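Chemist: If it helps, the file is called data-v5.txt and holds compact mmCIF, C-alpha atoms and all ligand atoms:
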```txt
# COMPACT_ATOMS: atom_id res chain seq x y z
CA MET Y 1 -123.62 -40.89 -123.24
CA SER Y 2 -122.09 -41.70 -126.61
CA TRP Y 3 -123.44 -44.35 -128.89
CA VAL Y 4 -121.95 -46.20 -131.78
CA PHE Y 5 -123.25 -45.13 -135.13
CA ARG Y 6 -123.42 -48.45 -136.88
CA GLY Y 7 -124.30 -46.80 -140.15
CA LEU Y 8 -121.13 -45.43 -141.62
CA GLY Y 9 -119.76 -48.24 -143.73
CA ILE Y 10 -116.46 -46.57 -144.37
CA GLU Y 11 -113.07 -47.87 -143.33
CA SER Y 12 -110.25 -45.40 -143.16
CA ARG Y 13 -107.02 -46.49 -144.79
CA ASN Y 14 -103.55 -46.81 -143.32
CA VAL Y 15 -104.37 -45.63 -139.84
CA ASN Y 16 -104.46 -47.56 -136.64
CA ASN Y 17 -107.52 -47.63 -134.43
CA GLN Y 18 -106.07 -45.31 -131.86
CA GLU Y 19 -105.28 -42.64 -134.43
CA ARG Y 20 -108.66 -43.02 -136.09
CA ALA Y 21 -110.50 -42.69 -132.80
CA SER Y 22 -108.76 -39.41 -132.09
CA TRP Y 23 -110.15 -37.81 -135.26
CA LEU Y 24 -113.18 -35.65 -134.94
CA VAL Y 25 -115.50 -34.05 -137.41
CA VAL Y 26 -118.12 -31.52 -136.41
CA GLY Y 27 -121.47 -31.11 -138.16
CA LEU Y 28 -123.06 -27.64 -138.10
CA ASP Y 29 -126.61 -27.17 -139.37
CA ASN Y 30 -127.29 -23.49 -139.90
CA GLY Y 31 -131.01 -22.71 -139.67
CA GLY Y 32 -133.19 -19.61 -139.74
CA THR Y 33 -133.21 -19.24 -135.96
CA ALA Y 34 -130.86 -21.89 -134.56
CA ASN Y 35 -127.61 -23.68 -135.27
CA SER Y 36 -127.60 -27.36 -134.44
CA ALA Y 37 -124.26 -29.06 -133.84
CA THR Y 38 -122.93 -32.57 -133.44
CA VAL Y 39 -119.55 -34.33 -133.12
CA LEU Y 40 -118.60 -37.54 -134.90
CA ASP Y 41 -115.34 -39.36 -134.24
CA GLY Y 42 -113.21 -41.33 -136.68
CA SER Y 43 -114.50 -44.63 -135.32
CA ARG Y 44 -118.02 -43.66 -136.39
CA ARG Y 45 -119.46 -42.65 -133.04
CA PHE Y 46 -121.65 -39.60 -132.56
CA LEU Y 47 -120.48 -38.09 -129.28
CA VAL Y 48 -123.78 -36.34 -128.57
CA ASP Y 49 -127.09 -38.18 -128.54
CA HIS Y 50 -129.35 -35.14 -128.30
CA LEU Y 51 -130.07 -31.85 -130.01
CA VAL Y 52 -127.45 -29.15 -129.26
CA GLU Y 53 -128.80 -25.80 -130.39
CA SER Y 54 -127.75 -22.17 -130.14
CA PRO Y 55 -128.99 -18.97 -131.84
CA SER Y 56 -127.93 -18.71 -135.52
CA ARG Y 57 -128.41 -14.91 -135.82
CA VAL Y 58 -128.49 -15.17 -139.64
CA ARG Y 59 -130.79 -12.18 -139.90
CA GLU Y 60 -128.04 -9.96 -138.46
CA GLY Y 61 -125.86 -10.63 -141.51
CA PRO Y 62 -122.94 -12.90 -142.33
CA GLU Y 63 -120.37 -11.52 -139.91
CA VAL Y 64 -122.56 -12.07 -136.85
CA ALA Y 65 -123.71 -15.45 -138.22
CA ILE Y 66 -120.13 -16.70 -138.71
CA ALA Y 67 -119.32 -15.74 -135.12
CA ALA Y 68 -122.46 -17.63 -133.99
CA LEU Y 69 -121.28 -20.75 -135.86
CA VAL Y 70 -117.86 -20.57 -134.19
CA GLU Y 71 -119.68 -20.33 -130.86
CA ALA Y 72 -121.84 -23.36 -131.75
CA LEU Y 73 -118.68 -25.32 -132.59
CA ASP Y 74 -116.96 -24.44 -129.32
CA ARG Y 75 -120.09 -25.20 -127.32
CA VAL Y 76 -120.57 -28.69 -128.72
CA LEU Y 77 -116.85 -29.43 -128.27
CA ASP Y 78 -117.08 -28.25 -124.64
CA LEU Y 79 -120.02 -30.57 -124.08
CA THR Y 80 -118.01 -33.56 -125.28
CA GLY Y 81 -114.81 -32.49 -123.54
CA MET Y 82 -112.99 -32.32 -126.88
CA LYS Y 83 -110.54 -29.73 -128.18
CA ARG Y 84 -110.55 -27.80 -131.44
CA GLU Y 85 -107.11 -29.25 -132.29
CA SER Y 86 -108.71 -32.70 -132.75
CA VAL Y 87 -111.16 -31.47 -135.39
CA ARG Y 88 -110.05 -32.66 -138.84
CA ALA Y 89 -112.97 -31.30 -140.86
CA ILE Y 90 -116.29 -29.54 -140.46
CA GLY Y 91 -119.53 -30.24 -142.29
CA LEU Y 92 -121.66 -27.15 -142.82
CA GLY Y 93 -125.29 -27.34 -143.89
CA SER Y 94 -127.74 -24.52 -144.59
CA PRO Y 95 -130.89 -23.97 -146.60
CA GLY Y 96 -130.25 -23.00 -150.21
CA PRO Y 97 -130.11 -21.74 -152.73
CA ALA Y 98 -126.34 -21.90 -152.62
CA SER Y 99 -123.69 -23.27 -154.97
CA ALA Y 100 -121.96 -26.62 -154.46
CA ASP Y 101 -119.12 -24.66 -152.87
CA GLY Y 102 -121.42 -22.92 -150.40
CA VAL Y 103 -121.74 -19.53 -152.08
CA ILE Y 104 -125.13 -18.01 -151.27
CA SER Y 105 -127.30 -17.11 -154.26
CA SER Y 106 -126.89 -13.64 -155.79
CA ARG Y 107 -130.63 -13.20 -155.26
CA GLY Y 108 -130.38 -13.97 -151.55
CA ALA Y 109 -132.63 -16.58 -149.95
CA THR Y 110 -135.35 -16.84 -147.33
CA ASN Y 111 -132.87 -17.17 -144.46
CA PHE Y 112 -130.32 -14.87 -146.02
CA SER Y 113 -132.25 -11.73 -146.88
CA GLU Y 114 -129.73 -9.28 -145.45
CA GLU Y 115 -127.80 -7.58 -148.28
CA GLY Y 116 -124.38 -8.85 -147.12
CA TRP Y 117 -125.40 -12.47 -147.81
CA ARG Y 118 -125.66 -12.06 -151.58
CA ARG Y 119 -122.87 -14.09 -153.19
CA PHE Y 120 -121.37 -14.54 -149.71
CA GLU Y 121 -118.75 -17.31 -149.69
CA PHE Y 122 -120.22 -19.01 -146.64
CA ARG Y 123 -118.11 -22.17 -146.75
CA ALA Y 124 -114.81 -20.47 -147.62
CA VAL Y 125 -115.17 -17.71 -145.02
CA LEU Y 126 -115.91 -20.20 -142.22
CA GLU Y 127 -112.95 -22.31 -143.36
CA ARG Y 128 -110.60 -19.32 -143.25
CA ARG Y 129 -111.91 -18.33 -139.83
CA LEU Y 130 -111.38 -21.81 -138.35
CA GLY Y 131 -108.30 -22.97 -140.27
CA VAL Y 132 -109.93 -26.39 -140.80
CA PRO Y 133 -111.45 -27.80 -144.05
CA VAL Y 134 -115.18 -27.04 -144.28
CA LEU Y 135 -117.47 -29.13 -146.51
CA TYR Y 136 -120.78 -27.63 -147.62
CA ASN Y 137 -124.10 -29.36 -148.31
CA ASN Y 138 -127.56 -27.89 -148.42
CA ASP Y 139 -129.61 -29.00 -145.41
CA GLY Y 140 -131.92 -31.25 -147.45
CA ASN Y 141 -128.98 -33.15 -148.91
CA ALA Y 142 -127.39 -33.49 -145.47
CA ALA Y 143 -130.61 -34.90 -143.97
CA ALA Y 144 -130.95 -37.29 -146.93
CA LEU Y 145 -127.42 -38.58 -146.30
CA TYR Y 146 -128.19 -39.18 -142.62
CA ALA Y 147 -131.49 -40.93 -143.44
CA HIS Y 148 -129.69 -43.20 -145.90
CA HIS Y 149 -126.87 -44.19 -143.54
CA SER Y 150 -129.08 -44.67 -140.50
CA TYR Y 151 -131.47 -46.88 -142.49
CA PHE Y 152 -128.97 -49.02 -144.38
CA GLY Y 153 -126.20 -49.25 -141.79
CA SER Y 154 -123.19 -51.24 -143.01
CA GLU Y 155 -124.85 -51.70 -146.43
CA ALA Y 156 -125.14 -47.95 -147.03
CA GLU Y 157 -122.47 -47.88 -149.74
CA LEU Y 158 -124.29 -50.55 -151.73
CA ARG Y 159 -127.63 -48.74 -151.73
CA SER Y 160 -129.42 -45.75 -153.23
CA SER Y 161 -132.30 -43.67 -151.90
CA ILE Y 162 -134.45 -40.61 -152.43
CA SER Y 163 -135.50 -38.45 -149.47
CA ALA Y 164 -138.36 -35.95 -149.54
CA ILE Y 165 -138.76 -33.64 -146.55
CA VAL Y 166 -142.00 -31.71 -146.25
CA GLY Y 167 -141.36 -28.43 -144.45
CA THR Y 168 -141.90 -24.78 -145.33
CA GLY Y 169 -140.74 -25.92 -148.76
CA LEU Y 170 -140.03 -29.41 -150.06
CA GLY Y 171 -136.40 -30.37 -149.50
CA GLY Y 172 -134.47 -33.58 -149.73
CA GLY Y 173 -131.81 -35.29 -151.71
CA VAL Y 174 -130.64 -38.17 -153.83
CA VAL Y 175 -128.10 -40.67 -152.50
CA GLU Y 176 -126.34 -43.19 -154.76
CA ALA Y 177 -123.84 -45.73 -153.41
CA GLY Y 178 -123.92 -44.00 -150.04
CA ARG Y 179 -123.06 -40.55 -151.39
CA VAL Y 180 -125.12 -37.47 -152.09
CA ILE Y 181 -125.49 -36.62 -155.77
CA ARG Y 182 -124.64 -32.93 -155.82
CA GLY Y 183 -124.74 -32.19 -159.54
CA ALA Y 184 -122.59 -29.95 -161.73
CA ALA Y 185 -123.90 -26.70 -160.24
CA GLY Y 186 -124.80 -28.17 -156.84
CA MET Y 187 -128.49 -28.21 -157.73
CA ALA Y 188 -129.16 -31.95 -157.92
CA GLY Y 189 -131.87 -33.25 -155.63
CA GLU Y 190 -134.04 -30.12 -155.87
CA LEU Y 191 -137.03 -32.43 -155.69
CA GLY Y 192 -139.51 -29.71 -154.82
CA HIS Y 193 -139.27 -28.13 -158.24
CA VAL Y 194 -139.85 -31.26 -160.29
CA HIS Y 195 -143.02 -30.96 -162.34
CA ILE Y 196 -145.65 -33.63 -161.68
CA PRO Y 197 -148.89 -34.38 -163.55
CA MET Y 198 -151.82 -32.53 -162.02
CA GLU Y 199 -154.44 -34.62 -163.78
CA GLY Y 200 -156.39 -36.67 -161.24
CA LEU Y 201 -154.62 -34.87 -158.39
CA LEU Y 202 -156.55 -31.60 -158.41
CA ALA Y 203 -160.22 -31.61 -157.42
CA ASP Y 204 -163.06 -29.99 -159.41
CA ALA Y 205 -162.29 -26.35 -160.26
CA GLN Y 206 -159.15 -26.39 -158.10
CA PRO Y 207 -156.67 -23.92 -159.64
CA VAL Y 208 -153.28 -25.21 -160.80
CA PRO Y 209 -151.00 -24.44 -157.83
CA VAL Y 210 -148.05 -22.09 -158.25
CA CYS Y 211 -144.72 -22.44 -156.42
CA ASN Y 212 -142.46 -19.75 -154.93
CA CYS Y 213 -139.95 -20.61 -157.67
CA GLY Y 214 -142.41 -19.53 -160.35
CA PHE Y 215 -143.31 -23.00 -161.66
CA ALA Y 216 -146.90 -24.13 -161.81
CA GLY Y 217 -147.71 -27.68 -160.73
CA ASP Y 218 -144.40 -28.74 -159.20
CA VAL Y 219 -144.10 -30.94 -156.09
CA GLU Y 220 -143.51 -28.09 -153.63
CA SER Y 221 -146.60 -26.22 -154.80
CA ILE Y 222 -148.59 -29.07 -153.18
CA ALA Y 223 -146.33 -30.89 -150.71
CA SER Y 224 -145.13 -28.08 -148.42
CA LEU Y 225 -146.46 -25.78 -145.72
CA THR Y 226 -146.28 -22.95 -148.26
CA GLY Y 227 -148.35 -25.08 -150.66
CA ILE Y 228 -151.01 -25.56 -147.97
CA GLU Y 229 -151.11 -21.84 -147.23
CA ARG Y 230 -151.16 -20.57 -150.80
CA ASN Y 231 -152.88 -23.30 -152.75
CA LEU Y 232 -154.55 -26.14 -150.87
CA LEU Y 233 -156.15 -24.52 -147.84
CA PRO Y 234 -157.76 -21.57 -149.70
CA TYR Y 235 -159.42 -24.06 -152.06
CA TRP Y 236 -160.52 -26.61 -149.45
CA LEU Y 237 -161.90 -23.93 -147.12
CA LYS Y 238 -164.30 -23.00 -149.92
CA ARG Y 239 -165.45 -26.61 -149.98
CA PHE Y 240 -165.72 -26.70 -146.15
CA PRO Y 241 -166.97 -23.14 -145.39
CA GLU Y 242 -168.13 -24.06 -141.87
CA HIS Y 243 -164.71 -25.40 -140.86
CA GLU Y 244 -163.13 -23.99 -137.68
CA LEU Y 245 -160.00 -23.08 -139.65
CA ALA Y 246 -162.03 -20.53 -141.63
CA ARG Y 247 -162.26 -18.50 -138.41
CA VAL Y 248 -158.54 -18.52 -137.58
CA GLY Y 249 -156.90 -15.07 -137.87
CA SER Y 250 -154.71 -15.52 -140.94
CA ILE Y 251 -154.36 -18.19 -143.62
CA GLY Y 252 -150.73 -18.63 -142.53
CA GLN Y 253 -151.79 -19.46 -138.96
CA ALA Y 254 -154.54 -21.75 -140.23
CA ALA Y 255 -152.07 -23.58 -142.51
CA ARG Y 256 -149.81 -24.38 -139.55
CA LEU Y 257 -152.79 -25.89 -137.69
CA VAL Y 258 -153.79 -28.30 -140.48
CA ARG Y 259 -151.42 -30.98 -139.21
CA SER Y 260 -153.12 -31.17 -135.80
CA TYR Y 261 -156.45 -31.71 -137.58
CA GLY Y 262 -154.88 -34.57 -139.50
CA ASP Y 263 -154.38 -36.43 -136.23
CA LEU Y 264 -158.12 -35.99 -135.55
CA GLU Y 265 -159.04 -37.42 -138.96
CA ASP Y 266 -160.73 -34.18 -139.88
CA PRO Y 267 -162.17 -34.47 -143.44
CA LEU Y 268 -160.66 -31.18 -144.72
CA ALA Y 269 -157.20 -32.08 -143.37
CA LEU Y 270 -157.42 -35.57 -144.85
CA GLU Y 271 -158.20 -34.08 -148.30
CA ILE Y 272 -155.10 -31.89 -148.02
CA PHE Y 273 -152.81 -34.70 -146.86
CA ASN Y 274 -154.21 -37.01 -149.51
CA GLN Y 275 -153.17 -34.49 -152.18
CA GLN Y 276 -149.73 -34.13 -150.58
CA ALA Y 277 -149.27 -37.92 -150.47
CA MET Y 278 -150.29 -38.12 -154.13
CA ALA Y 279 -147.78 -35.41 -155.06
CA LEU Y 280 -144.98 -37.33 -153.28
CA GLY Y 281 -146.11 -40.59 -154.91
CA ARG Y 282 -145.95 -38.97 -158.35
CA LEU Y 283 -142.50 -37.57 -157.58
CA PHE Y 284 -141.32 -41.04 -156.49
CA THR Y 285 -142.82 -42.55 -159.64
CA ILE Y 286 -140.70 -40.21 -161.74
CA ALA Y 287 -137.66 -40.94 -159.55
CA SER Y 288 -138.15 -44.71 -159.84
CA ASN Y 289 -137.69 -44.40 -163.58
CA PHE Y 290 -134.41 -42.54 -163.54
CA LEU Y 291 -132.75 -43.80 -160.33
CA ASP Y 292 -134.61 -47.01 -159.42
CA PRO Y 293 -133.58 -46.59 -155.77
CA ASP Y 294 -133.59 -49.13 -152.95
CA ALA Y 295 -135.61 -46.82 -150.70
CA PHE Y 296 -137.85 -43.78 -150.55
CA PHE Y 297 -137.73 -41.74 -147.33
CA VAL Y 298 -140.28 -39.19 -146.18
CA GLY Y 299 -139.60 -36.63 -143.47
CA GLY Y 300 -140.94 -33.41 -142.05
CA GLY Y 301 -143.42 -32.15 -139.54
CA LEU Y 302 -146.31 -34.16 -140.86
CA VAL Y 303 -144.65 -37.51 -140.32
CA GLU Y 304 -143.77 -36.49 -136.77
CA ALA Y 305 -147.46 -36.50 -135.88
CA SER Y 306 -149.04 -39.56 -134.20
CA ALA Y 307 -147.82 -43.01 -135.23
CA LYS Y 308 -151.24 -43.81 -136.65
CA PHE Y 309 -151.28 -40.72 -138.88
CA ARG Y 310 -147.69 -41.34 -139.96
CA GLU Y 311 -148.48 -44.90 -141.03
CA TRP Y 312 -151.62 -43.78 -142.88
CA PHE Y 313 -149.65 -41.11 -144.74
CA LEU Y 314 -146.70 -43.35 -145.63
CA ALA Y 315 -149.07 -46.09 -146.88
CA LEU Y 316 -150.80 -43.51 -149.10
CA VAL Y 317 -147.49 -42.30 -150.55
CA ARG Y 318 -146.64 -45.91 -151.32
CA GLN Y 319 -150.04 -46.51 -152.90
CA TYR Y 320 -149.59 -43.48 -155.17
CA THR Y 321 -146.09 -44.52 -156.28
CA SER Y 322 -146.35 -46.57 -159.49
CA LEU Y 323 -143.55 -49.10 -159.53
CA ARG Y 324 -142.76 -52.07 -161.71
CA GLU Y 325 -143.28 -55.45 -160.10
CA GLU Y 326 -139.53 -56.07 -159.89
CA GLN Y 327 -139.13 -52.77 -158.02
CA THR Y 328 -142.08 -53.37 -155.69
CA GLU Y 329 -140.46 -56.58 -154.47
CA ILE Y 330 -137.34 -54.87 -153.16
CA VAL Y 331 -138.08 -51.21 -152.51
CA SER Y 332 -138.62 -49.79 -148.98
CA PHE Y 333 -140.63 -46.80 -147.81
CA ALA Y 334 -139.66 -45.30 -144.44
CA VAL Y 335 -139.79 -42.20 -142.31
CA ILE Y 336 -136.61 -40.16 -141.69
CA PRO Y 337 -135.58 -40.59 -138.02
CA ASP Y 338 -134.34 -37.85 -135.65
CA LEU Y 339 -135.20 -35.17 -138.17
CA ASP Y 340 -134.18 -32.32 -135.87
CA MET Y 341 -130.65 -33.75 -135.69
CA ALA Y 342 -130.50 -35.11 -139.26
CA GLY Y 343 -129.05 -31.94 -140.83
CA ALA Y 344 -126.09 -31.69 -138.44
CA ARG Y 345 -125.46 -35.44 -138.45
CA GLY Y 346 -125.62 -35.63 -142.24
CA ALA Y 347 -123.24 -32.67 -142.56
CA ALA Y 348 -120.80 -34.49 -140.24
CA LEU Y 349 -121.11 -37.73 -142.24
CA ALA Y 350 -120.33 -35.85 -145.46
CA ALA Y 351 -117.23 -34.35 -143.88
CA LEU Y 352 -116.05 -37.78 -142.66
CA GLN Y 353 -116.62 -39.25 -146.13
CA TRP Y 354 -114.52 -36.46 -147.61
CA LEU Y 355 -111.70 -37.18 -145.14
CA HIS Y 356 -111.67 -40.82 -146.19
CA GLU Y 357 -111.50 -40.09 -149.90
CA PRO Y 358 -108.25 -41.25 -151.46
ZN ZN N 1 -141.00 -24.79 -157.33
```
Mind converting the file's structure to structure tokens?
Ligand SMILES: [Zn+2]
Modeler:
Amino acid sequence: MSWVFRGLGIESRNVNNQERASWLVVGLDNGGTANSATVLDGSRRFLVDHLVESPSRVREGPEVAIAALVEALDRVLDLTGMKRESVRAIGLGSPGPASADGVISSRGATNFSEEGWRRFEFRAVLERRLGVPVLYNNDGNAAALYAHHSYFGSEAELRSSISAIVGTGLGGGVVEAGRVIRGAAGMAGELGHVHIPMEGLLADAQPVPVCNCGFAGDVESIASLTGIERNLLPYWLKRFPEHELARVGSIGQAARLVRSYGDLEDPLALEIFNQQAMALGRLFTIASNFLDPDAFFVGGGLVEASAKFREWFLALVRQYTSLREEQTEIVSFAVIPDLDMAGARGAALAALQWLHEP
């Protein structure tokens, strides 16, 4: 049932094995519809090997959502036969924007539109409710941390990586020496809103894409489901007016179907994914000049398509990333594994790292 997580290259200090094994941290990934939960023990084992989900009820406001998180915690502990008293810390992840200390933006957010969420101290309120330290990370950062540790294993603390996750938006994170770079205001790793050159990326007469954040020509305006819906698909449907997707009810529905056409090597879908791969390659080119990481990870729905499509897409991203020869020799490109569990697992890893800090 349980499996050893070989990744976490952290040794706790001054505790014997028995004591360490009795520690637990819980990872809670708070999503728009579901909470996902996992349990990690002090000897680096995840005690659940599958997705454990329950309703997040975030749209009913913070009070209901906090109760739902407590329920998610108790449920995953029940599943593993563990007690709340053994839990030493909790990792909480949610979509942003939120501060480094888990305070939801004063302007609200997609998942947190209810009035009560504005400036809600998500982390602190959950901590007070549970009486256990709660560590906050945005979900992209948490998934990036999991990707890093699962890829590098015992070498995780010697390595750096950049993760880009293509979803509704473009999330991800930056990991240096095995730790997430959070930034002064908690806004580091907002890769989606990095500006990239549009020259040679946009086709003839294709308008400069605009992002939800207000920027024109940033990564998310191309490499996200929202980018497909607002920018890429409307343009490419004009170039392929006979395409079946032109007859789908709404542009939003059509955008969600583009991925399945990618698997079929449909020419319109391939144009769209080519532009997304180029956007990610240009982002990684920028990143290679300020972080020079050991690895670039790509995640999201589109890399969970068929293996053939995934390999085609990853090879394109690599092709569009301009690296120096010395970098090319050592850098890796890989897909983020277990993406549905990555948020909860990464949140748990962050909490365990915090426990081990001197
Ligand atoms: Zn943006």
Chemist: Residues at most 12 Å from ligand ZN 1 (chain N), using all atoms listed in the file? Could they come as a PyMOL selection string?
Modeler: chain Y and resi 169-171+190-196+209-224+226-227
Chemist: Show me the residues around (-132.8, -25.4, -153.5) - criterion: an atom at most 7 Å away, all atoms listed in the file counted - as a list in words.
Modeler: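 Residues lying no farther than 7 Å from the given point: Gly96, Pro97, Met187 and Glu190 of chain Y.
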Chemist: Could you jot down the CA of Val166 (chain Y) to CA of Gly300 (chain Y) separation for me, Å, one decimal place?
Modeler: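 Computing the Euclidean distance for CA of Val166 (chain Y) and CA of Gly300 (chain Y) yields 4.7 Å.
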Chemist: Go ahead and compute the interatomic distance for CA of Ile330 (chain Y) and CA of Pro293 (chain Y), in Å to one decimal.
Modeler: 9.5 Å
Chemist: What is the distance between CA of Arg118 (chain Y) and CA of Pro95 (chain Y), in Å to one decimal?
Modeler: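 Between CA of Arg118 (chain Y) and CA of Pro95 (chain Y) the gap is 13.9 Å.
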Chemist: Using all atoms listed in the file, which of the listed residues (Y:Gly42, Y:Pro197, Y:Gly32, Y:Gly346) sits closest to Arg179 (chain Y)?
Modeler: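 Smallest separation from Arg179 (chain Y) among the options: Y:Gly346.
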Chemist: Which residues, written as a list in words, have at least one atom at most 12 Å from Ser260 (chain Y), with all atoms listed in the file counted and residues fewer than 3 positions away on the same chain left out?
Modeler: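 These residues fall inside the cut-off: Leu245, Ala254, Ala255, Arg256, Leu257, Asp263, Leu264, Glu265, Asp266, Leu268, Ala269, Leu270, Phe273, Gly301, Leu302, Val303, Glu304, Ala305, Ser306 and Phe309 of chain Y.
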Chemist: Can you list, as a list in words, every protein, DNA or RNA residue that comes within 7 Å of Met278 (chain Y) when you count only C-alpha atoms, leaving out same-chain residues fewer than 5 positions away?
Modeler: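 Near Met278 (chain Y), the qualifying residues are Leu201, Val317 and Tyr320 of chain Y.
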Chemist: Find the residue from Y:Thr110, Y:Ser288, Y:Thr321, Y:Asn35 that sits nearest to Arg75 (chain Y); use all atoms listed in the file when measuring.
Modeler: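 The closest residue to Arg75 (chain Y) is Y:Asn35.
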Chemist: Can you work out which one of Y:Ala65, Y:Leu130, Y:Leu323, Y:Val39 has the shortest atom-to-atom distance to Asn289 (chain Y), counting all atoms listed in the file?
Modeler: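 Of Y:Ala65, Y:Leu130, Y:Leu323, Y:Val39, the one nearest Asn289 (chain Y) is Y:Leu323, counting all atoms listed in the file.
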Chemist: Check the smallest atom-to-atom distance from each of Y:Thr80, Y:Pro267, Y:Ser22, Y:Arg230 to Glu244 (chain Y) using only C-alpha atoms, then report the winner.
Modeler: Y:Pro267
Chemist: Write out as CSV a residue-level contact list of region 62-95 of chain Y versus region 136-160 of chain Y with cut-off 7 Å: for each qualifying residue the closest pair of atoms and the distance in Å to one decimal, counting all atoms listed in the file, rows sorted by chain and residue number upward.
Modeler:
```
residue,atom,partner,partner_atom,distance
Y:Gly91,CA,Y:Tyr136,CA,6.1
Y:Leu92,CA,Y:Tyr136,CA,4.9
Y:Gly93,CA,Y:Asp139,CA,4.9
Y:Ser94,CA,Y:Asp139,CA,4.9
Y:Pro95,CA,Y:Asp139,CA,5.3
```
Chemist: Between Y:Pro241, Y:Gly81, Y:Pro62, Y:Gly173, which residue has the minimum interatomic distance to Phe120 (chain Y), considering all atoms listed in the file?
Modeler: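 Result for the nearest residue to Phe120 (chain Y): Y:Pro62.
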Chemist: Can you fill out region 65-77 of chain Y with N, CA, C and O atoms and hand it back as a PDB file, in the coordinates of the input?
Modeler:
```
ATOM      1  N   ALA Y  65    -123.354 -14.039-138.081  1.00  0.00           N
ATOM      2  CA  ALA Y  65    -123.710 -15.450-138.220  1.00  0.00           C
ATOM      3  C   ALA Y  65    -122.488 -16.356-138.172  1.00  0.00           C
ATOM      4  O   ALA Y  65    -122.532 -17.454-137.609  1.00  0.00           O
ATOM      5  N   ILE Y  66    -121.371 -15.903-138.764  1.00  0.00           N
ATOM      6  CA  ILE Y  66    -120.130 -16.700-138.710  1.00  0.00           C
ATOM      7  C   ILE Y  66    -119.657 -16.815-137.257  1.00  0.00           C
ATOM      8  O   ILE Y  66    -119.294 -17.899-136.790  1.00  0.00           O
ATOM      9  N   ALA Y  67    -119.718 -15.704-136.531  1.00  0.00           N
ATOM     10  CA  ALA Y  67    -119.320 -15.740-135.120  1.00  0.00           C
ATOM     11  C   ALA Y  67    -120.219 -16.702-134.336  1.00  0.00           C
ATOM     12  O   ALA Y  67    -119.750 -17.440-133.458  1.00  0.00           O
ATOM     13  N   ALA Y  68    -121.516 -16.729-134.682  1.00  0.00           N
ATOM     14  CA  ALA Y  68    -122.460 -17.630-133.990  1.00  0.00           C
ATOM     15  C   ALA Y  68    -122.131 -19.091-134.288  1.00  0.00           C
ATOM     16  O   ALA Y  68    -122.284 -19.961-133.427  1.00  0.00           O
ATOM     17  N   LEU Y  69    -121.662 -19.372-135.516  1.00  0.00           N
ATOM     18  CA  LEU Y  69    -121.280 -20.750-135.860  1.00  0.00           C
ATOM     19  C   LEU Y  69    -120.027 -21.188-135.095  1.00  0.00           C
ATOM     20  O   LEU Y  69    -119.932 -22.330-134.644  1.00  0.00           O
ATOM     21  N   VAL Y  70    -119.071 -20.258-134.956  1.00  0.00           N
ATOM     22  CA  VAL Y  70    -117.860 -20.570-134.190  1.00  0.00           C
ATOM     23  C   VAL Y  70    -118.246 -20.880-132.742  1.00  0.00           C
ATOM     24  O   VAL Y  70    -117.735 -21.828-132.126  1.00  0.00           O
ATOM     25  N   GLU Y  71    -119.196 -20.105-132.220  1.00  0.00           N
ATOM     26  CA  GLU Y  71    -119.680 -20.330-130.860  1.00  0.00           C
ATOM     27  C   GLU Y  71    -120.358 -21.706-130.736  1.00  0.00           C
ATOM     28  O   GLU Y  71    -120.154 -22.426-129.753  1.00  0.00           O
ATOM     29  N   ALA Y  72    -121.159 -22.053-131.758  1.00  0.00           N
ATOM     30  CA  ALA Y  72    -121.840 -23.360-131.750  1.00  0.00           C
ATOM     31  C   ALA Y  72    -120.822 -24.491-131.738  1.00  0.00           C
ATOM     32  O   ALA Y  72    -120.987 -25.502-131.041  1.00  0.00           O
ATOM     33  N   LEU Y  73    -119.750 -24.319-132.522  1.00  0.00           N
ATOM     34  CA  LEU Y  73    -118.680 -25.320-132.590  1.00  0.00           C
ATOM     35  C   LEU Y  73    -118.024 -25.488-131.210  1.00  0.00           C
ATOM     36  O   LEU Y  73    -117.901 -26.599-130.696  1.00  0.00           O
ATOM     37  N   ASP Y  74    -117.641 -24.368-130.615  1.00  0.00           N
ATOM     38  CA  ASP Y  74    -116.960 -24.440-129.320  1.00  0.00           C
ATOM     39  C   ASP Y  74    -117.876 -25.032-128.248  1.00  0.00           C
ATOM     40  O   ASP Y  74    -117.421 -25.779-127.381  1.00  0.00           O
ATOM     41  N   ARG Y  75    -119.145 -24.718-128.329  1.00  0.00           N
ATOM     42  CA  ARG Y  75    -120.090 -25.200-127.320  1.00  0.00           C
ATOM     43  C   ARG Y  75    -120.234 -26.717-127.395  1.00  0.00           C
ATOM     44  O   ARG Y  75    -120.202 -27.397-126.382  1.00  0.00           O
ATOM     45  N   VAL Y  76    -120.378 -27.241-128.621  1.00  0.00           N
ATOM     46  CA  VAL Y  76    -120.570 -28.690-128.720  1.00  0.00           C
ATOM     47  C   VAL Y  76    -119.278 -29.432-128.365  1.00  0.00           C
ATOM     48  O   VAL Y  76    -119.308 -30.512-127.788  1.00  0.00           O
ATOM     49  N   LEU Y  77    -118.122 -28.811-128.664  1.00  0.00           N
ATOM     50  CA  LEU Y  77    -116.850 -29.430-128.270  1.00  0.00           C
ATOM     51  C   LEU Y  77    -116.710 -29.440-126.749  1.00  0.00           C
ATOM     52  O   LEU Y  77    -116.297 -30.436-126.153  1.00  0.00           O
TER      53      LEU Y  77
END
```
